[in-house]
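K.L.:
This is the content of protein_23.cif (mmCIF, C-alpha atoms):
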data_upload
#
loop_
_atom_site.group_PDB
_atom_site.id
_atom_site.type_symbol
_atom_site.label_atom_id
_atom_site.label_comp_id
_atom_site.auth_asym_id
_atom_site.auth_seq_id
_atom_site.Cartn_x
_atom_site.Cartn_y
_atom_site.Cartn_z
ATOM 1 C CA MET U 1 74.808 75.104 116.788
ATOM 2 C CA THR U 2 71.252 76.156 116.051
ATOM 3 C CA SER U 3 69.100 73.879 113.994
ATOM 4 C CA GLY U 4 68.024 76.322 111.336
ATOM 5 C CA SER U 5 65.781 74.281 109.137
ATOM 6 C CA LEU U 6 66.808 76.400 106.202
ATOM 7 C CA LYS U 7 70.366 75.210 106.440
ATOM 8 C CA THR U 8 71.427 72.381 104.186
ATOM 9 C CA MET U 9 74.291 70.304 105.411
ATOM 10 C CA THR U 10 76.394 68.484 102.904
ATOM 11 C CA GLN U 11 78.916 65.718 103.421
ATOM 12 C CA ILE U 12 81.096 64.254 100.711
ATOM 13 C CA PHE U 13 83.025 60.985 100.756
ATOM 14 C CA GLY U 14 85.309 59.282 98.290
ATOM 15 C CA ASP U 15 85.691 60.392 94.687
ATOM 16 C CA PHE U 16 82.702 62.623 94.130
ATOM 17 C CA ILE U 17 82.188 64.880 91.152
ATOM 18 C CA GLU U 18 80.225 68.007 91.954
ATOM 19 C CA GLU U 19 80.245 69.727 88.636
ATOM 20 C CA PHE U 20 80.498 68.845 85.035
ATOM 21 C CA PRO U 21 81.837 70.907 82.143
ATOM 22 C CA PRO U 22 79.011 72.948 80.611
ATOM 23 C CA GLU U 23 78.893 71.134 77.320
ATOM 24 C CA HIS U 24 79.383 67.545 78.290
ATOM 25 C CA ASP U 25 77.064 64.753 77.218
ATOM 26 C CA SER U 26 74.658 63.111 79.586
ATOM 27 C CA LEU U 27 71.453 61.145 79.914
ATOM 28 C CA GLU U 28 69.225 61.361 82.971
ATOM 29 C CA LEU U 29 66.195 59.344 83.963
ATOM 30 C CA THR U 30 63.764 59.985 86.802
ATOM 31 C CA PHE U 31 61.732 57.345 88.620
ATOM 32 C CA THR U 32 58.949 57.719 91.095
ATOM 33 C CA PRO U 33 59.450 54.724 93.386
ATOM 34 C CA SER U 34 56.267 55.257 95.345
ATOM 35 C CA SER U 35 54.032 54.762 92.344
ATOM 36 C CA ARG U 36 54.139 50.947 92.338
ATOM 37 C CA PRO U 37 55.298 48.185 94.701
ATOM 38 C CA ILE U 38 59.001 47.558 94.487
ATOM 39 C CA LYS U 39 58.690 44.014 93.136
ATOM 40 C CA GLN U 40 56.783 45.091 90.089
ATOM 41 C CA ARG U 41 59.357 47.579 89.053
ATOM 42 C CA TRP U 42 62.460 45.598 89.979
ATOM 43 C CA ARG U 43 63.017 44.422 86.423
ATOM 44 C CA ASN U 44 63.174 48.044 85.383
ATOM 45 C CA ASN U 45 66.511 48.431 87.110
ATOM 46 C CA ARG U 46 68.264 46.092 84.750
ATOM 47 C CA LEU U 47 66.410 47.369 81.693
ATOM 48 C CA SER U 48 67.339 50.954 82.576
ATOM 49 C CA ALA U 49 70.933 49.915 83.135
ATOM 50 C CA HIS U 50 71.066 48.265 79.701
ATOM 51 C CA PHE U 51 69.539 51.344 78.140
ATOM 52 C CA VAL U 52 72.133 53.603 79.694
ATOM 53 C CA ALA U 53 74.913 51.203 78.626
ATOM 54 C CA ASP U 54 73.642 51.220 75.056
ATOM 55 C CA TYR U 55 73.713 55.002 75.109
ATOM 56 C CA LEU U 56 77.390 54.747 75.877
ATOM 57 C CA SER U 57 78.041 53.242 72.455
ATOM 58 C CA SER U 58 77.489 56.614 70.804
ATOM 59 C CA PHE U 59 80.521 57.956 72.613
ATOM 60 C CA LEU U 60 83.048 55.290 71.983
ATOM 61 C CA PRO U 61 84.965 55.358 68.722
ATOM 62 C CA VAL U 62 84.158 52.276 66.720
ATOM 63 C CA ASP U 63 86.623 50.926 64.267
ATOM 64 C CA GLU U 64 84.868 48.254 62.312
ATOM 65 C CA GLU U 65 88.155 46.871 61.072
ATOM 66 C CA ASP U 66 89.499 46.479 64.552
ATOM 67 C CA ALA U 67 88.312 43.525 66.583
ATOM 68 C CA SER U 68 89.885 44.881 69.724
ATOM 69 C CA SER U 69 87.837 48.075 69.494
ATOM 70 C CA GLU U 70 84.697 45.948 69.361
ATOM 71 C CA GLN U 71 85.882 44.014 72.383
ATOM 72 C CA ARG U 72 86.536 47.222 74.244
ATOM 73 C CA ILE U 73 83.020 48.489 73.587
ATOM 74 C CA LYS U 74 81.537 45.186 74.663
ATOM 75 C CA GLN U 75 83.540 45.258 77.894
ATOM 76 C CA SER U 76 82.574 48.866 78.570
ATOM 77 C CA LYS U 77 78.891 48.256 77.940
ATOM 78 C CA GLY U 78 79.031 45.247 80.225
ATOM 79 C CA ALA U 79 80.703 47.290 82.927
ATOM 80 C CA VAL U 80 78.228 50.166 82.659
ATOM 81 C CA SER U 81 75.246 47.773 82.716
ATOM 82 C CA TYR U 82 76.525 46.064 85.803
ATOM 83 C CA ILE U 83 77.442 49.207 87.711
ATOM 84 C CA ALA U 84 74.333 51.132 86.700
ATOM 85 C CA ASN U 85 72.143 48.211 87.749
ATOM 86 C CA GLU U 86 73.852 47.911 91.130
ATOM 87 C CA LEU U 87 73.529 51.634 91.877
ATOM 88 C CA LEU U 88 69.910 51.677 90.833
ATOM 89 C CA GLU U 89 69.096 48.531 92.834
ATOM 90 C CA ASN U 90 70.624 50.100 95.934
ATOM 91 C CA ALA U 91 68.730 53.331 95.400
ATOM 92 C CA ILE U 92 65.408 51.547 94.980
ATOM 93 C CA LYS U 93 66.053 49.238 97.930
ATOM 94 C CA PHE U 94 67.054 51.975 100.314
ATOM 95 C CA THR U 95 64.860 54.807 99.204
ATOM 96 C CA ASP U 96 62.785 56.155 102.056
ATOM 97 C CA ASP U 97 59.168 55.383 101.184
ATOM 98 C CA ASN U 98 57.908 57.813 103.767
ATOM 99 C CA TYR U 99 59.196 60.710 101.825
ATOM 100 C CA ILE U 100 58.067 61.324 98.308
ATOM 101 C CA TYR U 101 61.160 61.865 96.295
ATOM 102 C CA LYS U 102 61.983 60.822 92.800
ATOM 103 C CA VAL U 103 65.003 58.633 92.182
ATOM 104 C CA LYS U 104 67.288 60.245 89.639
ATOM 105 C CA PHE U 105 69.638 58.123 87.652
ATOM 106 C CA GLY U 106 71.926 58.736 84.764
ATOM 107 C CA ILE U 107 75.238 58.878 83.061
ATOM 108 C CA HIS U 108 77.575 61.706 82.196
ATOM 109 C CA PHE U 109 80.562 61.512 79.938
ATOM 110 C CA LEU U 110 83.828 63.261 80.480
ATOM 111 C CA GLU U 111 86.307 63.374 77.663
ATOM 112 C CA ASP U 112 89.913 64.077 78.265
ATOM 113 C CA VAL U 113 92.726 61.712 77.398
ATOM 114 C CA GLU U 114 90.195 58.931 77.916
ATOM 115 C CA VAL U 115 86.440 58.756 77.994
ATOM 116 C CA ILE U 116 85.138 58.491 81.510
ATOM 117 C CA ALA U 117 81.608 57.336 82.179
ATOM 118 C CA VAL U 118 80.175 58.824 85.347
ATOM 119 C CA ILE U 119 77.139 56.901 86.525
ATOM 120 C CA PHE U 120 75.110 58.445 89.296
ATOM 121 C CA VAL U 121 71.967 57.851 91.259
ATOM 122 C CA THR U 122 70.210 60.104 93.756
ATOM 123 C CA ASN U 123 67.661 58.853 96.242
ATOM 124 C CA CYS U 124 66.451 59.870 99.652
ATOM 125 C CA ALA U 125 67.115 57.737 102.708
ATOM 126 C CA ASN U 126 66.327 57.834 106.397
ATOM 127 C CA SER U 127 69.017 58.480 108.969
ATOM 128 C CA GLU U 128 69.277 54.824 109.992
ATOM 129 C CA SER U 129 70.183 53.751 106.438
ATOM 130 C CA VAL U 130 72.480 56.705 106.095
ATOM 131 C CA ASN U 131 74.359 55.871 109.290
ATOM 132 C CA LYS U 132 74.869 52.271 108.151
ATOM 133 C CA LEU U 133 76.033 53.415 104.744
ATOM 134 C CA GLN U 134 78.448 55.973 106.145
ATOM 135 C CA ALA U 135 79.921 53.354 108.482
ATOM 136 C CA PHE U 136 80.473 51.109 105.484
ATOM 137 C CA ILE U 137 81.969 53.945 103.443
ATOM 138 C CA LYS U 138 84.461 54.702 106.182
ATOM 139 C CA GLU U 139 85.455 51.049 106.315
ATOM 140 C CA LEU U 140 85.874 50.927 102.553
ATOM 141 C CA LEU U 141 87.858 54.135 102.307
ATOM 142 C CA SER U 142 90.191 53.175 105.121
ATOM 143 C CA CYS U 143 90.932 49.587 104.133
ATOM 144 C CA ASP U 144 94.246 48.649 102.538
ATOM 145 C CA ASP U 145 92.910 46.011 100.251
ATOM 146 C CA PRO U 146 89.349 46.219 98.952
ATOM 147 C CA ASN U 147 89.655 42.681 97.637
ATOM 148 C CA GLU U 148 90.300 41.388 101.153
ATOM 149 C CA LEU U 149 87.346 43.394 102.423
ATOM 150 C CA TYR U 150 85.199 41.949 99.649
ATOM 151 C CA LEU U 151 86.175 38.360 100.476
ATOM 152 C CA GLN U 152 85.618 39.013 104.184
ATOM 153 C CA GLN U 153 82.122 40.346 103.513
ATOM 154 C CA VAL U 154 81.339 37.372 101.290
ATOM 155 C CA GLU U 155 82.418 34.958 104.023
ATOM 156 C CA LYS U 156 80.393 36.889 106.598
ATOM 157 C CA ASN U 157 77.421 36.870 104.278
ATOM 158 C CA ALA U 158 77.645 33.094 103.955
ATOM 159 C CA GLU U 159 77.104 32.700 107.672
ATOM 160 C CA THR U 160 73.805 34.566 107.763
ATOM 161 C CA ASP U 161 70.609 34.293 105.823
ATOM 162 C CA SER U 162 70.294 37.968 105.318
ATOM 163 C CA GLU U 163 72.342 39.922 102.882
ATOM 164 C CA THR U 164 75.263 41.969 104.075
ATOM 165 C CA SER U 165 74.904 45.252 102.337
ATOM 166 C CA GLY U 166 77.883 46.741 100.642
ATOM 167 C CA LEU U 167 78.654 43.747 98.443
ATOM 168 C CA GLY U 168 77.398 45.555 95.371
ATOM 169 C CA LEU U 169 79.648 48.534 96.043
ATOM 170 C CA LEU U 170 82.587 46.247 96.776
ATOM 171 C CA THR U 171 82.210 44.453 93.448
ATOM 172 C CA ILE U 172 82.098 47.819 91.678
ATOM 173 C CA VAL U 173 85.399 48.851 93.233
ATOM 174 C CA ASN U 174 87.076 45.460 93.063
ATOM 175 C CA ASP U 175 85.943 43.862 89.861
ATOM 176 C CA TYR U 176 85.550 46.999 87.760
ATOM 177 C CA SER U 177 88.197 49.248 89.304
ATOM 178 C CA ALA U 178 85.672 52.051 89.378
ATOM 179 C CA LYS U 179 85.994 55.026 91.706
ATOM 180 C CA ILE U 180 83.027 55.743 93.913
ATOM 181 C CA GLY U 181 81.937 58.854 95.756
ATOM 182 C CA TRP U 182 78.947 59.909 97.817
ATOM 183 C CA ARG U 183 77.224 63.134 98.734
ATOM 184 C CA PHE U 184 74.764 63.386 101.609
ATOM 185 C CA GLU U 185 72.571 66.447 101.802
ATOM 186 C CA THR U 186 70.008 67.183 104.426
ATOM 187 C CA ILE U 187 66.661 68.190 103.043
ATOM 188 C CA PRO U 188 65.630 71.549 104.489
ATOM 189 C CA ASP U 189 62.079 70.802 105.538
ATOM 190 C CA SER U 190 62.549 67.204 106.580
ATOM 191 C CA LEU U 191 63.760 65.917 109.927
ATOM 192 C CA ASP U 192 64.920 62.448 109.113
ATOM 193 C CA THR U 193 65.397 62.260 105.389
ATOM 194 C CA ILE U 194 68.648 62.795 103.605
ATOM 195 C CA LEU U 195 69.386 63.019 99.907
ATOM 196 C CA VAL U 196 72.082 60.557 98.907
ATOM 197 C CA THR U 197 73.928 60.730 95.604
ATOM 198 C CA THR U 198 76.228 57.900 94.658
ATOM 199 C CA VAL U 199 78.630 58.337 91.785
ATOM 200 C CA ALA U 200 80.768 55.723 90.064
ATOM 201 C CA GLN U 201 83.461 56.661 87.560
ATOM 202 C CA LEU U 202 84.797 54.297 85.022
ATOM 203 C CA ILE U 203 87.221 54.632 82.135
ATOM 204 C CA VAL U 204 85.502 53.253 79.069
ATOM 205 C CA MET B 1 63.235 12.890 84.131
ATOM 206 C CA GLY B 2 66.775 13.735 84.922
ATOM 207 C CA ILE B 3 66.281 17.463 84.490
ATOM 208 C CA GLN B 4 64.916 19.881 87.073
ATOM 209 C CA GLU B 5 64.302 23.434 86.035
ATOM 210 C CA ILE B 6 63.632 26.790 87.641
ATOM 211 C CA LYS B 7 62.410 29.351 85.206
ATOM 212 C CA GLY B 8 62.012 33.065 85.602
ATOM 213 C CA GLU B 9 61.035 35.830 83.256
ATOM 214 C CA ASP B 10 64.526 36.289 81.885
ATOM 215 C CA TYR B 11 66.486 33.303 83.114
ATOM 216 C CA SER B 12 66.473 29.579 83.669
ATOM 217 C CA VAL B 13 68.423 27.260 85.925
ATOM 218 C CA LYS B 14 68.496 23.622 84.821
ATOM 219 C CA TYR B 15 69.854 20.724 86.777
ATOM 220 C CA ASP B 16 70.954 17.672 84.829
ATOM 221 C CA ARG B 17 70.981 14.826 87.317
ATOM 222 C CA GLU B 18 73.047 12.463 85.194
ATOM 223 C CA LEU B 19 75.798 14.935 84.430
ATOM 224 C CA VAL B 20 75.538 16.556 87.872
ATOM 225 C CA THR B 21 75.566 19.850 86.037
ATOM 226 C CA ILE B 22 73.632 22.984 86.825
ATOM 227 C CA CYS B 23 73.189 25.214 83.795
ATOM 228 C CA PHE B 24 72.388 28.919 84.146
ATOM 229 C CA GLN B 25 70.965 30.842 81.255
ATOM 230 C CA GLY B 26 69.860 34.413 80.658
ATOM 231 C CA GLU B 27 69.941 37.377 83.001
ATOM 232 C CA LEU B 28 69.759 36.896 86.719
ATOM 233 C CA SER B 29 69.156 40.012 88.813
ATOM 234 C CA LEU B 30 66.681 39.122 91.522
ATOM 235 C CA SER B 31 65.978 41.422 94.421
ATOM 236 C CA GLY B 32 67.659 39.502 97.239
ATOM 237 C CA PRO B 33 68.072 36.288 99.224
ATOM 238 C CA ALA B 34 64.336 35.609 99.406
ATOM 239 C CA GLU B 35 63.976 35.637 95.639
ATOM 240 C CA TYR B 36 67.126 33.608 95.130
ATOM 241 C CA ALA B 37 65.968 30.987 97.653
ATOM 242 C CA PRO B 38 64.527 28.482 95.129
ATOM 243 C CA ILE B 39 67.827 28.446 93.246
ATOM 244 C CA VAL B 40 69.778 28.113 96.492
ATOM 245 C CA GLU B 41 67.522 25.211 97.424
ATOM 246 C CA LEU B 42 68.245 23.496 94.133
ATOM 247 C CA LEU B 43 71.987 24.015 94.524
ATOM 248 C CA ASP B 44 71.933 22.674 98.084
ATOM 249 C CA GLU B 45 69.954 19.637 96.950
ATOM 250 C CA VAL B 46 72.726 18.890 94.481
ATOM 251 C CA ALA B 47 75.508 19.356 97.026
ATOM 252 C CA ASN B 48 73.950 17.547 99.975
ATOM 253 C CA PRO B 49 74.529 13.969 98.784
ATOM 254 C CA GLU B 50 78.183 14.985 98.223
ATOM 255 C CA PRO B 51 78.711 13.865 94.641
ATOM 256 C CA PRO B 52 82.406 13.665 93.654
ATOM 257 C CA THR B 53 82.007 16.437 91.058
ATOM 258 C CA ILE B 54 79.561 19.265 90.472
ATOM 259 C CA THR B 55 79.631 21.421 87.353
ATOM 260 C CA LEU B 56 78.224 24.935 87.218
ATOM 261 C CA ASN B 57 77.743 25.832 83.589
ATOM 262 C CA LEU B 58 77.590 29.623 83.368
ATOM 263 C CA LYS B 59 78.440 29.917 79.667
ATOM 264 C CA LYS B 60 75.042 31.368 78.864
ATOM 265 C CA LEU B 61 74.602 33.488 81.962
ATOM 266 C CA GLU B 62 74.759 36.875 80.285
ATOM 267 C CA PHE B 63 74.108 39.108 83.246
ATOM 268 C CA VAL B 64 74.060 38.771 87.000
ATOM 269 C CA ASN B 65 73.732 41.273 89.845
ATOM 270 C CA SER B 66 75.779 41.304 93.065
ATOM 271 C CA SER B 67 73.046 39.347 94.886
ATOM 272 C CA GLY B 68 73.456 36.646 92.265
ATOM 273 C CA ILE B 69 77.232 36.678 92.586
ATOM 274 C CA SER B 70 76.731 36.467 96.336
ATOM 275 C CA MET B 71 74.469 33.438 95.865
ATOM 276 C CA LEU B 72 77.104 31.712 93.721
ATOM 277 C CA SER B 73 79.779 32.601 96.278
ATOM 278 C CA LYS B 74 77.712 31.125 99.101
ATOM 279 C CA PHE B 75 77.360 27.939 97.110
ATOM 280 C CA VAL B 76 81.106 27.762 96.561
ATOM 281 C CA ILE B 77 81.557 28.108 100.328
ATOM 282 C CA THR B 78 78.984 25.352 100.936
ATOM 283 C CA VAL B 79 80.963 23.078 98.627
ATOM 284 C CA ARG B 80 84.191 24.070 100.360
ATOM 285 C CA LYS B 81 82.752 23.041 103.718
ATOM 286 C CA LYS B 82 81.863 19.605 102.385
ATOM 287 C CA LYS B 83 85.521 19.040 101.513
ATOM 288 C CA THR B 84 84.914 16.073 99.220
ATOM 289 C CA ILE B 85 83.370 17.719 96.178
ATOM 290 C CA GLN B 86 85.300 18.882 93.116
ATOM 291 C CA LEU B 87 83.633 21.959 91.692
ATOM 292 C CA LEU B 88 84.010 22.825 88.036
ATOM 293 C CA VAL B 89 82.811 26.196 86.751
ATOM 294 C CA LEU B 90 82.415 26.742 83.016
ATOM 295 C CA GLY B 91 82.632 30.364 81.941
ATOM 296 C CA SER B 92 82.448 32.258 78.675
ATOM 297 C CA ASN B 93 85.156 34.531 77.327
ATOM 298 C CA ASP B 94 82.462 36.498 75.551
ATOM 299 C CA ILE B 95 80.575 37.591 78.601
ATOM 300 C CA PRO B 96 82.113 40.671 80.263
ATOM 301 C CA TRP B 97 80.908 40.209 83.887
ATOM 302 C CA GLN B 98 82.412 36.751 83.998
ATOM 303 C CA GLN B 99 85.872 37.938 83.134
ATOM 304 C CA LYS B 100 85.637 40.440 85.951
ATOM 305 C CA SER B 101 84.007 38.487 88.741
ATOM 306 C CA LEU B 102 84.438 34.730 88.391
ATOM 307 C CA LYS B 103 88.028 34.784 89.597
ATOM 308 C CA ASN B 104 86.781 35.668 93.085
ATOM 309 C CA LEU B 105 85.148 32.250 93.251
ATOM 310 C CA GLU B 106 88.596 30.715 92.849
ATOM 311 C CA LYS B 107 89.781 32.711 95.842
ATOM 312 C CA LEU B 108 86.977 31.284 97.946
ATOM 313 C CA LEU B 109 87.800 27.709 96.966
ATOM 314 C CA PRO B 110 91.377 27.098 95.793
ATOM 315 C CA THR B 111 90.539 23.650 94.376
ATOM 316 C CA LEU B 112 87.832 25.108 92.147
ATOM 317 C CA LYS B 113 88.454 24.548 88.432
ATOM 318 C CA LEU B 114 87.471 27.415 86.208
ATOM 319 C CA GLU B 115 87.344 26.615 82.504
ATOM 320 C CA TRP B 116 86.808 29.189 79.796
ATOM 321 C CA GLU B 117 85.366 28.826 76.369
#
Take the structure in the file and give it back as structure tokens.

P.N.:
Amino acid sequence: MTSGSLKTMTQIFGDFIEEFPPEHDSLELTFTPSSRPIKQRWRNNRLSAHFVADYLSSFLPVDEEDASSEQRIKQSKGAVSYIANELLENAIKFTDDNYIYKVKFGIHFLEDVEVIAVIFVTNCANSESVNKLQAFIKELLSCDDPNELYLQQVEKNAETDSETSGLGLLTIVNDYSAKIGWRFETIPDSLDTILVTTVAQLIV
Amino acid sequence: MGIQEIKGEDYSVKYDRELVTICFQGELSLSGPAEYAPIVELLDEVANPEPPTITLNLKKLEFVNSSGISMLSKFVITVRKKKTIQLLVLGSNDIPWQQKSLKNLEKLLPTLKLEWE
């Protein structure tokens, strides 16, 4: 196969949504990670996640007379905050600083029988990070019990001082029953950088 | 005198020596093991002398990221390895992440007591 640099290669894993209905609601934010050291902007992840979760409230029917509807909104906001923060943290941590690319982050809403929040983040990553991530994805998608995998990773993590990556994604799947998907796209004029989009879907 | 505290921009961790209780408050989403190290150090200091009971009061811990959950999990495993400590975790029914994630701590340490308010 020739390596035409104009060719974009795309790989998709898990539950990925490529397209949204033309008139759906969404909110998108863009960050430029290279503009300040990562530590200074770390707090922004959580603040952005809360912002996106608050935006969710406009889409959920509120019945002021119904305590359970309030509970449901609280639970959903909590879930979106958590998941959005995890995805954004991963994107910021793994973004390839050698390549200037903005991190895109946001939420889309799909309305059918239920309201589904689709939280996504796009960042660029080098091939080493991508290989590690794809190995983890394959493990996650092929395991019988994500809870077992989660507990295994936690135990493994306890034995080392460094952090086993993947725990964030495992909590998203396990604790929030969210579906996750990934798209990897090669960037035409770059040798080692790949655009990674991670999508989490959650019924709210 | 009996209280040791670690304070961050949006959170605090207080250790009450008399009650052998560590109280977490606020929102904890630090960037990784290096940033969580002072809290881990505090937790280990509490566990090392092997007190009969340790209480983790999480009732005001409104938000935590997976690195924070991982830190708490590691502590639960540390306590499990000591074998003699009874760990009590106090959670809040009003805080969504707790209802989703605290039960995993019970799976790591079957003798752990999880109480909800």

K.L.:
Enumerate, as a PyMOL selection string, the residues matched when the PyMOL selection byres ((chain U) within 8 of (chain B)) is run on the file above.

P.N.:
chain U and resi 39+42-43+46+74-75+78-79+82+85-86+89+151+154-155+157-158+161-163+167-168+171+175-176

K.L.:
Given the PyMOL selection byres ((chain B and resi 114) around 7) and the file above, list the residues it selects as a list in words.

P.N.:
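Applied to this file, the PyMOL selection byres ((chain B and resi 114) around 7) returns Leu88, Val89, Leu90, Leu112, Lys113, Glu115 and Trp116 of chain B.
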
K.L.:
Between U:Ala84, U:Ile73, U:Cys143, U:Leu110, which residue has the minimum interatomic distance to Ala49 (chain U), considering all atoms listed in the file?

P.N.:
U:Ala84

K.L.:
Go through the shown structure with the PyMOL selection byres ((chain U and resi 196) around 12) and write out the matching residues as number ranges by chain.

P.N.:
U: 9-13, 16, 87, 90-92, 94-96, 101-105, 120-127, 129-131, 133-134, 181-187, 193-195, 197-199

K.L.:
Would you mind exporting the chosen residues as a PDB file, keeping the file's coordinate frame, restricted to C-alpha atoms?

P.N.:
ATOM      1  CA  MET U   9      74.291  70.304 105.411  1.00  0.00           C
ATOM      2  CA  THR U  10      76.394  68.484 102.904  1.00  0.00           C
ATOM      3  CA  GLN U  11      78.916  65.718 103.421  1.00  0.00           C
ATOM      4  CA  ILE U  12      81.096  64.254 100.711  1.00  0.00           C
ATOM      5  CA  PHE U  13      83.025  60.985 100.756  1.00  0.00           C
ATOM      6  CA  PHE U  16      82.702  62.623  94.130  1.00  0.00           C
ATOM      7  CA  LEU U  87      73.529  51.634  91.877  1.00  0.00           C
ATOM      8  CA  ASN U  90      70.624  50.100  95.934  1.00  0.00           C
ATOM      9  CA  ALA U  91      68.730  53.331  95.400  1.00  0.00           C
ATOM     10  CA  ILE U  92      65.408  51.547  94.980  1.00  0.00           C
ATOM     11  CA  PHE U  94      67.054  51.975 100.314  1.00  0.00           C
ATOM     12  CA  THR U  95      64.860  54.807  99.204  1.00  0.00           C
ATOM     13  CA  ASP U  96      62.785  56.155 102.056  1.00  0.00           C
ATOM     14  CA  TYR U 101      61.160  61.865  96.295  1.00  0.00           C
ATOM     15  CA  LYS U 102      61.983  60.822  92.800  1.00  0.00           C
ATOM     16  CA  VAL U 103      65.003  58.633  92.182  1.00  0.00           C
ATOM     17  CA  LYS U 104      67.288  60.245  89.639  1.00  0.00           C
ATOM     18  CA  PHE U 105      69.638  58.123  87.652  1.00  0.00           C
ATOM     19  CA  PHE U 120      75.110  58.445  89.296  1.00  0.00           C
ATOM     20  CA  VAL U 121      71.967  57.851  91.259  1.00  0.00           C
ATOM     21  CA  THR U 122      70.210  60.104  93.756  1.00  0.00           C
ATOM     22  CA  ASN U 123      67.661  58.853  96.242  1.00  0.00           C
ATOM     23  CA  CYS U 124      66.451  59.870  99.652  1.00  0.00           C
ATOM     24  CA  ALA U 125      67.115  57.737 102.708  1.00  0.00           C
ATOM     25  CA  ASN U 126      66.327  57.834 106.397  1.00  0.00           C
ATOM     26  CA  SER U 127      69.017  58.480 108.969  1.00  0.00           C
ATOM     27  CA  SER U 129      70.183  53.751 106.438  1.00  0.00           C
ATOM     28  CA  VAL U 130      72.480  56.705 106.095  1.00  0.00           C
ATOM     29  CA  ASN U 131      74.359  55.871 109.290  1.00  0.00           C
ATOM     30  CA  LEU U 133      76.033  53.415 104.744  1.00  0.00           C
ATOM     31  CA  GLN U 134      78.448  55.973 106.145  1.00  0.00           C
ATOM     32  CA  GLY U 181      81.937  58.854  95.756  1.00  0.00           C
ATOM     33  CA  TRP U 182      78.947  59.909  97.817  1.00  0.00           C
ATOM     34  CA  ARG U 183      77.224  63.134  98.734  1.00  0.00           C
ATOM     35  CA  PHE U 184      74.764  63.386 101.609  1.00  0.00           C
ATOM     36  CA  GLU U 185      72.571  66.447 101.802  1.00  0.00           C
ATOM     37  CA  THR U 186      70.008  67.183 104.426  1.00  0.00           C
ATOM     38  CA  ILE U 187      66.661  68.190 103.043  1.00  0.00           C
ATOM     39  CA  THR U 193      65.397  62.260 105.389  1.00  0.00           C
ATOM     40  CA  ILE U 194      68.648  62.795 103.605  1.00  0.00           C
ATOM     41  CA  LEU U 195      69.386  63.019  99.907  1.00  0.00           C
ATOM     42  CA  THR U 197      73.928  60.730  95.604  1.00  0.00           C
ATOM     43  CA  THR U 198      76.228  57.900  94.658  1.00  0.00           C
ATOM     44  CA  VAL U 199      78.630  58.337  91.785  1.00  0.00           C
TER      45      VAL U 199
END

K.L.:
Measuring between all atoms listed in the file, which one of B:Glu50, B:Thr55, B:Tyr11, B:Pro110 shows the shortest distance to Thr84 (chain B)?

P.N.:
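Closest residue, counting all atoms listed in the file: B:Glu50.
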
K.L.:
Check the smallest atom-to-atom distance from each of B:Gly68, B:Gly8, B:Val40, B:Thr21 to Leu87 (chain B) using all atoms listed in the file, then report the winner.

P.N.:
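Using all atoms listed in the file, Leu87 (chain B) sits closest to B:Thr21.
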
K.L.:
Counting all atoms listed in the file, write as an MDAnalysis selection string all protein and nucleic acid residues lying at most 7 Å from (84.9, 14.5, 95.0) in the file's frame.

P.N.:
chainID B and resid 51:53 84:86

K.L.:
CA of Gly91 (chain B) and CA of Lys14 (chain B), how far apart in Å?

P.N.:
15.9 Å

K.L.:
Could you add whatever atoms are missing so that region 32-42 of chain B carries N, CA and C atoms, then write the result as an mmCIF file, in the frame of the given file?

P.N.:
data_model
loop_
_atom_site.group_PDB
_atom_site.id
_atom_site.type_symbol
_atom_site.label_atom_id
_atom_site.label_comp_id
_atom_site.auth_asym_id
_atom_site.auth_seq_id
_atom_site.Cartn_x
_atom_site.Cartn_y
_atom_site.Cartn_z
ATOM 1 N N GLY B 32 66.956 39.809 95.990
ATOM 2 C CA GLY B 32 67.659 39.502 97.239
ATOM 3 C C GLY B 32 67.536 38.049 97.623
ATOM 4 N N PRO B 33 68.036 37.693 98.790
ATOM 5 C CA PRO B 33 68.072 36.288 99.224
ATOM 6 C C PRO B 33 66.719 35.585 99.134
ATOM 7 N N ALA B 34 65.644 36.270 99.452
ATOM 8 C CA ALA B 34 64.336 35.609 99.406
ATOM 9 C C ALA B 34 63.999 35.163 97.990
ATOM 10 N N GLU B 35 64.270 36.003 97.029
ATOM 11 C CA GLU B 35 63.976 35.637 95.639
ATOM 12 C C GLU B 35 64.941 34.607 95.083
ATOM 13 N N TYR B 36 66.153 34.592 95.594
ATOM 14 C CA TYR B 36 67.126 33.608 95.130
ATOM 15 C C TYR B 36 66.950 32.255 95.820
ATOM 16 N N ALA B 37 66.109 32.217 96.855
ATOM 17 C CA ALA B 37 65.968 30.987 97.653
ATOM 18 C C ALA B 37 65.673 29.714 96.860
ATOM 19 N N PRO B 38 64.754 29.732 95.871
ATOM 20 C CA PRO B 38 64.527 28.482 95.129
ATOM 21 C C PRO B 38 65.782 27.957 94.434
ATOM 22 N N ILE B 39 66.598 28.878 93.919
ATOM 23 C CA ILE B 39 67.827 28.446 93.246
ATOM 24 C C ILE B 39 68.808 27.894 94.272
ATOM 25 N N VAL B 40 68.892 28.576 95.422
ATOM 26 C CA VAL B 40 69.778 28.113 96.492
ATOM 27 C C VAL B 40 69.361 26.717 96.939
ATOM 28 N N GLU B 41 68.046 26.514 97.021
ATOM 29 C CA GLU B 41 67.522 25.211 97.424
ATOM 30 C C GLU B 41 67.947 24.133 96.444
ATOM 31 N N LEU B 42 67.838 24.438 95.183
ATOM 32 C CA LEU B 42 68.245 23.496 94.133
ATOM 33 C C LEU B 42 69.728 23.187 94.252
#
